[in-house]
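In what follows, a single structure is set out as structure tokens and then discussed.
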Amino acid sequence: MRSERLKRRFLSPSPRIDGVPEPEELGFVPRASVRWLGPRGLAVTGYQVFLSGIFSRYADKREMQAALKDPQIIDRSGTGELWFDWLADTGDGFDASYATAALLAEPELILPVAQGEPPSVPTERGRLLVLGGDLAYPAANPDQYRDRMIGPYRAALPALPEGQDVPTMIAVAGNHDWYDGLTSFLRLYCRGLDIGGWRTEQSRSYFTLKLPHRWWLLGIDVVLDEFIDVPQLEYFKDVVEHHMQPGDRVIVTLHQPSWMFGGLTSDAEANRLAVTNLEDFEREVLHPTGVQNVLTIAGDIHHYNRYEREDGVQTRITSGSGSAFLYPTHNIPKQVRWKDVDGVHAYERRAVYPSDKTSKRLRWRILLSPFLNPSFIFFVGALYLVFAIMLADALTDPGQGLFDTMRNLDIADVRETAISSAGMVILFLILLVGFIGFANCKRLGDRIVAGVVHASIQLEGLIWVSWFVARIAPERDTVIFALKNAVLDVKIHEFALVYAVVVVLLGGLVGSYIYTMYLFVMQTFFKRHPTHSYSAFRWEHHRNFLRLHIDDEGVLTIYPIGVRRVPRRWRYVPSSEREPWQRWFEPVDRPIEPFLVEPPLRFDVETEPRTVGTSATIV
């Protein structure tokens, strides 16, 4: 029984759902979380990143959008109060995606101020759902959008009861949405389609929302590694100059939390151009007209954090854990500095979820990464086999058995032969260049050291695996390698296949664990490779989204909502057992239990943020 549970947990290709109908009837395929170390996933993502770079330079669809349809201001200011929600980085595994979608779909959530306490804080479903990008992983295409985003959201809120207003779903584009040049994003969100009980309304990948009591929400698209496009910049200048008044309060939403980039240890996230884009937007668009930039919200970094300016007049929140893998919180700085329009200011870190302690404890799961990505083991094992064949050719004279040769050599002899073989040296140099390029270090010297150490240990693992497998082989010769006419001639006898299989399995385990230990050491002692190390173990828990409320007096309150653990097993509810507006799946193993990760944040007319209620325990 225990072995069956382990098999389902580590090798199951799809979520565990009881009674689920065929995909043709359901309309989508519930998918497991992305195996980021899987060779297929790496290849597809790399290819799409390459293509998105081409689009960013030669076919930027933000500029093309200007020729298609005029942007509009979406007006939701006609009511005295307004509830709306923010969610980012969804569209990964079904368990986490559906759990957060189900909470967003509930007409009302009564929340405890901390996990385990009685519910006491009532909130309502938002009339607006603002999505912060990265809506389909690992790369945007129609299948991924259907299975990882549209399907779960339709299942969570299939329709609205008669007489209820249909909430609006609106989105800013993330980098994964750009991996097909924004094609799928525009077709899905810019055509007025219904996604279950939500309805899309925007016309471009950026937008303006007019909210009650002189509040505004601007959704900007600054994802590409290029300067912000001119049509978008002119659009927002026109909105601010001709539709806003001095003193109006503005919430800026975007995909990337640029204010954090200068303080992150990961060089991959430290995108200077993204910083410049947001600085320019705040200086050129918002500042000249006298509007108040009270709050900035972003996703992309997969956890919750809140930074507050030293004088309390500006708050910046990252909430990017809709369903994607967790990003460590203990890696982010206690303080960041940002160039506001009135000078450089310090922003203090006020809250994170999960806590630093929990984040550090979770990094031990990095060591489980090979088992959570089993295809990675076989991918590395195949590389080890190629190296083993090259090493065997360098060791074995024509007509002499490899295994007999290995029995007469100790490991030092094998190592000496390996480093003196031209073919092995070339392969090692290729490996070395790759690991130096992969090393997540800002200084070139550190990258070289990390790459050399990693490549050397992998080479040592290859030598030991090849030597060990040959030493334990049967007495009789089974494989002979020889070079004839510059072509590798492999003479295989009855045990050759067994030899190859053992090298792949053992080499895959050794090589993948060397890689895993490299990530663990770099993350634990140097805080490097946060994305690589935490994406490898595919953590689906510690979800977060924001619920926002503008009351009758114009006070904005933010409720940061978290889910400690999401269900891992579900039951499909047949249509005969539910109303048309009720959700399709119910959890079996545990309920979905939302709570406030910190007390609500209140922004009054003086725009000074402060918490209300009792202190929350962050777990």
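Each chain of the structure tokens is named A, B, ... in the order shown, its residues numbered from 1; ligands are numbered from 1 in display order.
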Exercise for the section: From a DSSP pass on the backbone, collect the residues of range 167-327 of chain A flagged as strand (DSSP E or B) and hand them back as a PyMOL selection string. Expected result: chain A and resi 168-171+194-195+198-200+207-211+215-219+249-254+292-298+304-309+315-319
Practice task
Determine, counting only C-alpha atoms, which protein, DNA and RNA residues have an atom within 12 Å of an atom of range 73-79 of chain A; residues of the same chain fewer than 2 positions away are not included. Present the result as a ChimeraX atom specification.
Solution key: /A:70-71,81-84,126-128,167-170,200-204,206-219,235-236,238-240,242-244,550-554
Exercise for the section: Could you please determine the separation between CA of Thr123 in chain A and CA of Leu548 in chain A in Å, to one decimal place? Expected result: 8.9 Å
Practice task
Within 7 Å of His529 in chain A, counting only C-alpha atoms, which residues show up once you throw out same-chain ones fewer than 2 positions away? Write them as number ranges by chain, please.
Solution key: A: 266, 440, 519, 522-523, 527, 531-533
File dump, residues just selected, N, CA and C atoms, as a tab-separated table (two decimals), in the first residue's frame:
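Below you can see out.tsv, which holds the result:
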chain	number	residue	atom	x	y	z
A	266	SER	N	19.60	36.39	-7.41
A	266	SER	CA	19.59	35.68	-8.68
A	266	SER	C	19.78	36.65	-9.83
A	440	ASN	N	24.69	30.60	-11.71
A	440	ASN	CA	23.93	31.79	-11.37
A	440	ASN	C	24.77	32.70	-10.46
A	519	LEU	N	22.63	22.40	-6.83
A	519	LEU	CA	21.59	23.37	-6.56
A	519	LEU	C	21.40	23.58	-5.06
A	522	MET	N	24.41	25.58	-3.64
A	522	MET	CA	24.39	26.97	-4.10
A	522	MET	C	23.25	27.75	-3.46
A	523	GLN	N	22.10	27.11	-3.26
A	523	GLN	CA	20.97	27.79	-2.64
A	523	GLN	C	21.18	27.95	-1.14
A	527	LYS	N	22.67	31.39	-1.66
A	527	LYS	CA	21.38	31.93	-2.11
A	527	LYS	C	21.33	32.13	-3.61
A	531	THR	N	15.30	30.08	-8.57
A	531	THR	CA	14.28	29.57	-9.49
A	531	THR	C	14.55	28.12	-9.87
A	532	HIS	N	15.80	27.80	-10.23
A	532	HIS	CA	16.13	26.43	-10.63
A	532	HIS	C	15.91	25.45	-9.49
A	533	SER	N	16.33	25.83	-8.29
A	533	SER	CA	16.29	24.88	-7.18
A	533	SER	C	14.87	24.65	-6.68
Completion exercise
Counting only C-alpha atoms, the residue among A:Gly343, A:Pro30, A:Gly381, A:Gly508 that lies closest to Arg283 in chain A is A:Gly343
Handout entry: Shell around Thr318 in chain A at 9 Å using only C-alpha atoms, local window under 3 positions removed, as a list in words
Key = Gln256, Pro257, Thr296, Ile297, Ala298, Gly299, Asp300, Ile301, His302, His303, Tyr304, Asn305, Arg306 and Tyr307 of chain A
Practice task
Could you please write out, as a PyMOL selection string, every residue of range 297-482 of chain A that DSSP assigns to alpha helix (DSSP H)?
Solution key: chain A and resi 356-362+369-372+374-395+402-407+411-420+422-438+444-471
